[in-house]
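Have a look at upload37.cif below; it lists mmCIF, C-alpha atoms.
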```cif
data_query
#
loop_
_atom_site.label_atom_id
_atom_site.label_comp_id
_atom_site.auth_asym_id
_atom_site.auth_seq_id
_atom_site.Cartn_x
_atom_site.Cartn_y
_atom_site.Cartn_z
CA MET A 1 128.20 126.94 129.55
CA ARG A 2 127.02 125.01 132.59
CA ARG A 3 124.14 122.64 131.92
CA GLY A 4 121.69 124.34 134.30
CA LEU A 5 122.39 127.81 132.98
CA ARG A 6 122.27 126.54 129.42
CA LEU A 7 118.82 125.03 130.02
CA VAL A 8 117.55 128.32 131.45
CA VAL A 9 118.91 130.25 128.46
CA VAL A 10 117.42 127.82 125.94
CA THR A 11 114.03 127.88 127.66
CA ALA A 12 113.96 131.65 127.93
CA LEU A 13 115.02 132.18 124.36
CA THR A 14 112.54 129.61 123.09
CA LEU A 15 109.68 131.35 124.87
CA ALA A 16 110.88 134.71 123.66
CA ALA A 17 111.27 133.42 120.14
CA GLY A 18 107.73 132.10 120.20
CA ALA A 19 106.53 135.59 121.05
CA GLY A 20 108.68 137.44 118.54
CA ALA A 21 110.96 135.19 116.52
CA VAL A 22 111.27 137.62 113.64
CA ARG A 23 112.44 140.44 115.90
CA LEU A 24 114.87 138.25 117.86
CA GLN A 25 116.26 136.21 114.99
CA PRO A 26 119.28 138.44 114.21
CA MET A 27 120.39 138.17 117.83
CA LEU A 28 119.79 134.40 118.05
CA VAL A 29 121.77 133.70 114.88
CA GLU A 30 124.88 135.16 116.46
CA LEU A 31 124.80 132.93 119.55
CA GLU A 32 127.24 130.01 119.47
CA LEU A 33 124.73 127.99 121.49
CA PHE A 34 122.52 127.72 118.39
CA GLN A 35 125.21 126.77 115.89
CA VAL A 36 124.12 123.64 113.99
CA ARG A 37 125.91 120.59 115.35
CA ASP A 38 123.60 117.82 114.18
CA VAL A 39 121.37 117.30 111.12
CA ARG A 40 118.89 114.43 111.12
CA LEU A 41 116.54 112.93 108.55
CA GLU A 42 112.90 111.97 109.08
CA GLY A 43 110.66 110.36 106.46
CA GLY A 44 113.46 108.80 104.44
CA HIS A 45 112.98 105.30 103.08
CA HIS A 46 115.14 105.06 100.00
CA LEU A 47 116.95 108.34 100.68
CA ALA A 48 119.95 107.87 102.96
CA ALA A 49 120.53 110.39 105.75
CA GLN A 50 124.02 111.23 104.49
CA GLU A 51 122.65 111.87 101.00
CA ALA A 52 119.89 114.11 102.36
CA VAL A 53 122.33 116.16 104.44
CA ALA A 54 124.57 116.62 101.41
CA ALA A 55 121.60 117.66 99.26
CA ALA A 56 120.42 120.25 101.80
CA ALA A 57 123.90 121.84 101.77
CA VAL A 58 123.68 123.33 105.27
CA PRO A 59 126.86 125.42 105.81
CA ALA A 60 129.28 124.35 108.53
CA ASP A 61 128.78 127.66 110.38
CA ALA A 62 124.98 127.68 110.08
CA SER A 63 122.68 128.55 112.96
CA VAL A 64 119.40 126.78 113.61
CA TRP A 65 117.85 130.25 113.34
CA ASP A 66 119.06 130.82 109.78
CA ASP A 67 116.44 130.96 107.03
CA ALA A 68 115.58 127.33 106.19
CA GLU A 69 113.96 128.01 102.80
CA PRO A 70 117.20 127.61 100.78
CA TRP A 71 117.85 124.24 102.45
CA GLU A 72 114.29 123.10 101.76
CA ALA A 73 114.55 124.19 98.13
CA ALA A 74 117.88 122.38 97.76
CA LEU A 75 116.39 119.19 99.22
CA GLU A 76 113.43 119.35 96.84
CA ARG A 77 115.82 119.44 93.89
CA HIS A 78 116.90 115.91 94.79
CA PRO A 79 115.06 113.50 92.44
CA LEU A 80 113.85 111.35 95.35
CA VAL A 81 112.29 114.23 97.30
CA LYS A 82 108.75 115.38 96.56
CA ASP A 83 108.40 117.76 99.50
CA ALA A 84 110.77 118.95 102.24
CA ARG A 85 110.57 120.89 105.47
CA VAL A 86 113.33 121.82 107.91
CA ARG A 87 112.51 121.96 111.63
CA ARG A 88 114.58 123.29 114.51
CA ARG A 89 115.25 121.12 117.52
CA LEU A 90 116.88 123.44 120.01
CA PRO A 91 119.51 124.20 120.79
CA SER A 92 121.61 122.90 117.88
CA THR A 93 119.80 120.29 115.76
CA LEU A 94 118.09 120.56 112.38
CA VAL A 95 115.54 117.92 111.36
CA LEU A 96 115.04 117.36 107.63
CA GLU A 97 111.48 116.14 107.09
CA VAL A 98 110.98 114.70 103.61
CA GLU A 99 108.16 113.16 101.63
CA GLU A 100 109.76 110.81 99.14
CA ARG A 101 108.63 110.15 95.61
CA VAL A 102 107.11 106.67 95.46
CA PRO A 103 108.18 104.26 92.70
CA VAL A 104 105.18 102.74 90.89
CA ALA A 105 106.90 100.85 88.06
CA LEU A 106 110.18 99.84 86.44
CA LEU A 107 111.20 101.31 83.08
CA PRO A 108 113.74 99.61 80.75
CA THR A 109 116.35 102.26 79.85
CA PRO A 110 117.79 99.58 78.93
CA THR A 111 118.42 98.57 82.56
CA LEU A 112 115.33 98.57 84.77
CA GLU A 113 114.95 101.91 86.56
CA PRO A 114 112.21 102.84 89.05
CA VAL A 115 109.83 105.57 87.95
CA ASP A 116 107.20 107.48 89.93
CA ALA A 117 103.62 108.38 88.98
CA GLU A 118 104.75 111.59 87.26
CA GLY A 119 107.21 109.67 85.09
CA ARG A 120 110.32 110.83 86.91
CA LEU A 121 113.20 108.35 87.00
CA LEU A 122 114.26 107.66 90.58
CA PRO A 123 117.85 106.89 91.67
CA ILE A 124 116.93 103.66 93.49
CA ASP A 125 118.79 100.41 92.92
CA PRO A 126 116.07 97.72 92.44
CA ALA A 127 118.58 95.01 93.36
CA LEU A 128 119.25 96.60 96.75
CA HIS A 129 115.67 97.51 97.61
CA ARG A 130 113.81 94.49 96.17
CA LEU A 131 111.18 96.48 94.30
CA ASP A 132 108.30 94.22 93.26
CA LEU A 133 106.80 96.50 90.61
CA PRO A 134 105.36 96.05 87.11
CA VAL A 135 107.44 96.95 84.07
CA VAL A 136 106.14 99.79 81.87
CA ARG A 137 107.12 100.12 78.22
CA LEU A 138 105.95 101.21 74.79
CA ALA A 139 104.05 98.51 72.89
CA GLY A 140 106.27 96.70 70.38
CA HIS A 141 109.42 97.22 72.46
CA ALA A 142 109.35 93.80 74.12
CA GLY A 143 112.82 92.45 74.73
CA ARG A 144 114.50 95.73 73.83
CA GLY A 145 115.45 98.36 76.33
CA GLY A 146 115.18 101.94 75.16
CA ARG A 147 117.63 104.76 75.64
CA ARG A 148 117.67 106.57 78.94
CA PRO A 149 115.24 109.49 78.63
CA PRO A 150 116.74 113.00 78.79
CA ALA A 151 116.49 115.05 81.98
CA GLY A 152 115.39 112.05 84.01
CA TRP A 153 111.84 111.91 82.62
CA ALA A 154 110.08 108.97 80.96
CA PRO A 155 108.46 109.35 77.49
CA HIS A 156 105.06 111.06 77.43
CA ARG A 157 103.08 107.85 76.76
CA ILE A 158 104.85 106.12 79.63
CA ARG A 159 103.70 108.90 81.96
CA HIS A 160 100.08 108.03 81.14
CA LEU A 161 100.84 104.48 82.26
CA THR A 162 102.49 105.50 85.52
CA ALA A 163 99.63 107.88 86.36
CA GLU A 164 97.14 105.07 85.69
CA LEU A 165 99.18 102.71 87.86
CA GLU A 166 99.11 105.14 90.77
CA ARG A 167 95.34 105.52 90.42
CA LEU A 168 94.83 101.75 90.23
CA SER A 169 97.08 101.16 93.25
CA ILE A 170 94.63 103.24 95.29
CA GLN A 171 91.53 101.77 93.65
CA ASP A 172 92.58 98.10 93.67
CA PRO A 173 96.07 97.38 95.09
CA ALA A 174 95.56 93.60 94.75
CA PHE A 175 95.06 93.98 91.00
CA VAL A 176 98.26 96.02 90.63
CA GLN A 177 100.19 93.29 92.44
CA GLU A 178 99.00 90.85 89.76
CA LEU A 179 100.41 92.97 86.91
CA ALA A 180 103.73 92.02 85.34
CA VAL A 181 103.99 94.39 82.36
CA LEU A 182 102.03 97.39 81.09
CA SER A 183 102.50 98.58 77.52
CA ALA A 184 101.37 101.91 76.06
CA ARG A 185 100.06 101.61 72.51
CA ALA A 186 100.23 104.35 69.92
CA ASP A 187 96.41 104.58 69.84
CA GLY A 188 96.30 105.38 73.56
CA GLU A 189 95.14 101.93 74.62
CA VAL A 190 96.88 99.88 77.29
CA GLU A 191 98.02 96.26 77.22
CA ALA A 192 98.71 94.52 80.53
CA MET A 193 100.12 91.10 81.30
CA TRP A 194 97.88 90.01 84.13
CA GLY A 195 97.94 87.15 86.63
CA GLU A 196 100.00 83.99 86.97
CA GLY A 197 98.88 82.69 83.59
CA GLY A 198 99.95 85.85 81.79
CA VAL A 199 96.54 86.86 80.40
CA ARG A 200 96.77 89.86 78.06
CA LEU A 201 94.31 92.51 79.23
CA VAL A 202 93.53 95.32 76.77
CA PHE A 203 91.68 98.43 77.97
CA ARG A 204 91.29 102.15 77.66
CA ALA A 205 92.31 104.14 80.71
CA PRO A 206 90.91 104.83 83.18
CA LEU A 207 90.07 101.24 84.04
CA THR A 208 87.02 101.39 86.30
CA PRO A 209 86.18 98.97 89.13
CA ARG A 210 83.09 97.84 87.22
CA ARG A 211 85.03 96.94 84.08
CA LEU A 212 87.69 95.15 86.08
CA GLN A 213 85.03 93.13 87.88
CA GLU A 214 83.48 92.25 84.52
CA ALA A 215 86.87 91.05 83.27
CA ARG A 216 87.30 88.83 86.32
CA ALA A 217 83.78 87.44 85.94
CA ALA A 218 84.31 86.72 82.23
CA LEU A 219 87.57 84.87 82.93
CA ALA A 220 85.94 82.78 85.65
CA ASP A 221 83.00 81.97 83.38
CA ALA A 222 85.33 80.99 80.52
CA GLY A 223 87.20 78.66 82.86
CA ARG A 224 83.98 76.93 83.90
CA ARG A 225 82.58 76.60 80.39
CA PHE A 226 85.81 75.64 78.63
CA PRO A 227 88.04 73.96 81.23
CA GLU A 228 90.14 72.29 78.55
CA ARG A 229 91.11 75.61 76.92
CA THR A 230 93.36 78.44 78.09
CA ALA A 231 92.16 82.03 77.95
CA ARG A 232 94.90 84.31 76.66
CA ASP A 233 93.25 87.67 75.93
CA VAL A 234 90.60 89.72 77.72
CA ASP A 235 89.53 92.73 75.65
CA LEU A 236 87.69 95.57 77.40
CA ARG A 237 87.82 98.12 74.58
CA PHE A 238 84.21 97.68 73.53
CA ALA A 239 81.47 99.30 75.61
CA ASP A 240 79.37 96.84 77.60
CA GLN A 241 81.30 93.88 76.19
CA VAL A 242 84.09 91.66 77.42
CA VAL A 243 85.81 89.64 74.70
CA VAL A 244 87.74 86.56 75.84
CA ARG A 245 90.06 84.90 73.36
CA PHE A 246 91.63 81.47 73.77
CA ASP A 247 94.86 79.88 72.56
CA GLY A 248 94.61 79.46 68.78
CA ALA A 249 90.97 80.48 68.66
CA GLY A 250 88.56 83.36 68.82
CA ARG A 251 85.85 84.24 71.34
#
```

Turn this file's structure into structure tokens for me.
Amino acid sequence: MRRGLRLVVVTALTLAAGAGAVRLQPMLVELELFQVRDVRLEGGHHLAAQEAVAAAAVPADASVWDDAEPWEAALERHPLVKDARVRRRLPSTLVLEVEERVPVALLPTPTLEPVDAEGRLLPIDPALHRLDLPVVRLAGHAGRGGRRPPAGWAPHRIRHLTAELERLSIQDPAFVQELAVLSARADGEVEAMWGEGGVRLVFRAPLTPRRLQEARAALADAGRRFPERTARDVDLRFADQVVVRFDGAGR
């Protein structure tokens, strides 16, 4: 079809489709002009375009006017995709718009695997993508990687940690960047290795801005009063108290 005529047809059909797409769709699907010739990805960061196209499973003979819901549903079954939408770019292009799941931590399985706030394991290679994230684990499992969880989900207690990490990353992203390891204890409390000196912070989630500020103030005060000693533990489990413990000593 000549370019000028093709432009007229596309414009006319687009306007007509806007006025009555449902009525015209059966006719538009049959036109070779609207056969899918290109599929593009938007919103991908860790998800490669080729992988997204394969996940959507758009048939080779598809039309841009075909029902997009099956392609969107197929995309959302990919473990990296939280939400998906397929847009038409006439005359022959589909645009896959995705919202990716965001990794918030690394889980030993025994190799380190990224995990999102819901506790879903994500197929991202940390070595390739340089993920600077804290490690989450069950307390008492230091130095030992666990088995890979079934169905791509982290253990229930780990999910509490990842949800807390997502909340803290919104509340105080600088604090999250200072965290190296978070451990979930059987009693529901959380242990965190915090800061360059590796201070052990113990708290009950959710950790509020006020309690975190009190922990910082207590550490600074301990450093001023006892410059020759090293604070190792900051305990926030007790209401209205901050307990600082030093190497080989108590409060």

Starting from the displayed file, determine the output of the PyMOL selection byres ((chain A and resi 165-172) around 9) and express the residue list as a PDB file with C-alpha atoms, in the coordinates of the input.
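Full text of part11.pdb as output:
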```
ATOM      1  CA  VAL A 104     105.180 102.740  90.890  1.00  0.00           C
ATOM      2  CA  ALA A 105     106.900 100.850  88.060  1.00  0.00           C
ATOM      3  CA  ASP A 116     107.200 107.480  89.930  1.00  0.00           C
ATOM      4  CA  ALA A 117     103.620 108.380  88.980  1.00  0.00           C
ATOM      5  CA  HIS A 160     100.080 108.030  81.140  1.00  0.00           C
ATOM      6  CA  LEU A 161     100.840 104.480  82.260  1.00  0.00           C
ATOM      7  CA  THR A 162     102.490 105.500  85.520  1.00  0.00           C
ATOM      8  CA  ALA A 163      99.630 107.880  86.360  1.00  0.00           C
ATOM      9  CA  GLU A 164      97.140 105.070  85.690  1.00  0.00           C
ATOM     10  CA  PRO A 173      96.070  97.380  95.090  1.00  0.00           C
ATOM     11  CA  ALA A 174      95.560  93.600  94.750  1.00  0.00           C
ATOM     12  CA  PHE A 175      95.060  93.980  91.000  1.00  0.00           C
ATOM     13  CA  VAL A 176      98.260  96.020  90.630  1.00  0.00           C
ATOM     14  CA  GLN A 177     100.190  93.290  92.440  1.00  0.00           C
ATOM     15  CA  PRO A 206      90.910 104.830  83.180  1.00  0.00           C
ATOM     16  CA  LEU A 207      90.070 101.240  84.040  1.00  0.00           C
ATOM     17  CA  THR A 208      87.020 101.390  86.300  1.00  0.00           C
ATOM     18  CA  PRO A 209      86.180  98.970  89.130  1.00  0.00           C
TER      19      PRO A 209
END
```

*Skip Glu30 in chain A itself and residues of its chain fewer than 5 positions away, then list as a PyMOL selection string all residues within 10 Å of it, counting all atoms listed in the file.*
chain A and resi 25+35+62-63+65-66

Item to check | Point-to-point distance from CA of Ala154 in chain A to CA of Arg85 in chain A, Å rounded to tenths | outcome: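 Calculated distance between CA of Ala154 in chain A and CA of Arg85 in chain A is 27.3 Å.
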
Scan for residues within 12 Å of the point (116.5, 120.9, 102.6) in the coordinates of the file, using all atoms listed in the file, and reply as a ChimeraX atom specification. /A:39-42,49,51-59,67-78,81-87,94-99

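Residues in contact with Ala231 in chain A at 7 Å, where only C-alpha atoms are counted and same-chain residues fewer than 5 positions away are skipped, are listed as Val199, Val244, Arg245, Phe246 and Asp247 of chain A.
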
Run the PyMOL selection byres ((chain A and resi 90) around 8) mentally over the shown coordinates, then write out the matched residues as a ChimeraX atom specification, using the chain letters and numbers from the document. /A:10,34,64,88-89,91-93

Using the atoms already present, construct N, CA and C atoms for range 232-249 of chain A and hand them back as a PDB file, in the frame of the given file.
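Final output, selection_33.pdb:
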```pdb
ATOM      1  N   ARG A 232      93.669  83.541  76.810  1.00  0.00           N
ATOM      2  CA  ARG A 232      94.900  84.310  76.660  1.00  0.00           C
ATOM      3  C   ARG A 232      94.663  85.814  76.604  1.00  0.00           C
ATOM      4  N   ASP A 233      93.532  86.246  76.078  1.00  0.00           N
ATOM      5  CA  ASP A 233      93.250  87.670  75.930  1.00  0.00           C
ATOM      6  C   ASP A 233      91.903  88.010  76.557  1.00  0.00           C
ATOM      7  N   VAL A 234      91.860  89.134  77.259  1.00  0.00           N
ATOM      8  CA  VAL A 234      90.600  89.720  77.720  1.00  0.00           C
ATOM      9  C   VAL A 234      90.579  91.152  77.188  1.00  0.00           C
ATOM     10  N   ASP A 235      89.598  91.446  76.342  1.00  0.00           N
ATOM     11  CA  ASP A 235      89.530  92.730  75.650  1.00  0.00           C
ATOM     12  C   ASP A 235      88.371  93.547  76.209  1.00  0.00           C
ATOM     13  N   LEU A 236      88.698  94.705  76.793  1.00  0.00           N
ATOM     14  CA  LEU A 236      87.690  95.570  77.400  1.00  0.00           C
ATOM     15  C   LEU A 236      87.462  96.855  76.594  1.00  0.00           C
ATOM     16  N   ARG A 237      87.888  96.871  75.350  1.00  0.00           N
ATOM     17  CA  ARG A 237      87.820  98.120  74.580  1.00  0.00           C
ATOM     18  C   ARG A 237      86.416  98.453  74.111  1.00  0.00           C
ATOM     19  N   PHE A 238      85.542  97.480  74.090  1.00  0.00           N
ATOM     20  CA  PHE A 238      84.210  97.680  73.530  1.00  0.00           C
ATOM     21  C   PHE A 238      83.194  97.882  74.654  1.00  0.00           C
ATOM     22  N   ALA A 239      82.415  98.949  74.550  1.00  0.00           N
ATOM     23  CA  ALA A 239      81.470  99.300  75.610  1.00  0.00           C
ATOM     24  C   ALA A 239      80.497  98.159  75.879  1.00  0.00           C
ATOM     25  N   ASP A 240      80.328  97.853  77.155  1.00  0.00           N
ATOM     26  CA  ASP A 240      79.370  96.840  77.600  1.00  0.00           C
ATOM     27  C   ASP A 240      79.670  95.446  77.063  1.00  0.00           C
ATOM     28  N   GLN A 241      80.896  95.202  76.642  1.00  0.00           N
ATOM     29  CA  GLN A 241      81.300  93.880  76.190  1.00  0.00           C
ATOM     30  C   GLN A 241      82.632  93.502  76.822  1.00  0.00           C
ATOM     31  N   VAL A 242      82.799  92.210  77.032  1.00  0.00           N
ATOM     32  CA  VAL A 242      84.090  91.660  77.420  1.00  0.00           C
ATOM     33  C   VAL A 242      84.387  90.524  76.455  1.00  0.00           C
ATOM     34  N   VAL A 243      85.448  90.651  75.694  1.00  0.00           N
ATOM     35  CA  VAL A 243      85.810  89.640  74.700  1.00  0.00           C
ATOM     36  C   VAL A 243      86.956  88.803  75.264  1.00  0.00           C
ATOM     37  N   VAL A 244      86.723  87.495  75.361  1.00  0.00           N
ATOM     38  CA  VAL A 244      87.740  86.560  75.840  1.00  0.00           C
ATOM     39  C   VAL A 244      88.207  85.719  74.669  1.00  0.00           C
ATOM     40  N   ARG A 245      89.496  85.698  74.442  1.00  0.00           N
ATOM     41  CA  ARG A 245      90.060  84.900  73.360  1.00  0.00           C
ATOM     42  C   ARG A 245      90.921  83.790  73.961  1.00  0.00           C
ATOM     43  N   PHE A 246      90.914  82.645  73.284  1.00  0.00           N
ATOM     44  CA  PHE A 246      91.630  81.470  73.770  1.00  0.00           C
ATOM     45  C   PHE A 246      92.845  81.189  72.899  1.00  0.00           C
ATOM     46  N   ASP A 247      93.708  80.310  73.349  1.00  0.00           N
ATOM     47  CA  ASP A 247      94.860  79.880  72.560  1.00  0.00           C
ATOM     48  C   ASP A 247      94.396  79.352  71.212  1.00  0.00           C
ATOM     49  N   GLY A 248      94.886  79.968  70.125  1.00  0.00           N
ATOM     50  CA  GLY A 248      94.610  79.460  68.780  1.00  0.00           C
ATOM     51  C   GLY A 248      93.177  79.571  68.352  1.00  0.00           C
ATOM     52  N   ALA A 249      92.374  80.381  69.033  1.00  0.00           N
ATOM     53  CA  ALA A 249      90.970  80.480  68.660  1.00  0.00           C
ATOM     54  C   ALA A 249      90.442  81.868  68.962  1.00  0.00           C
TER      55      ALA A 249
END
```
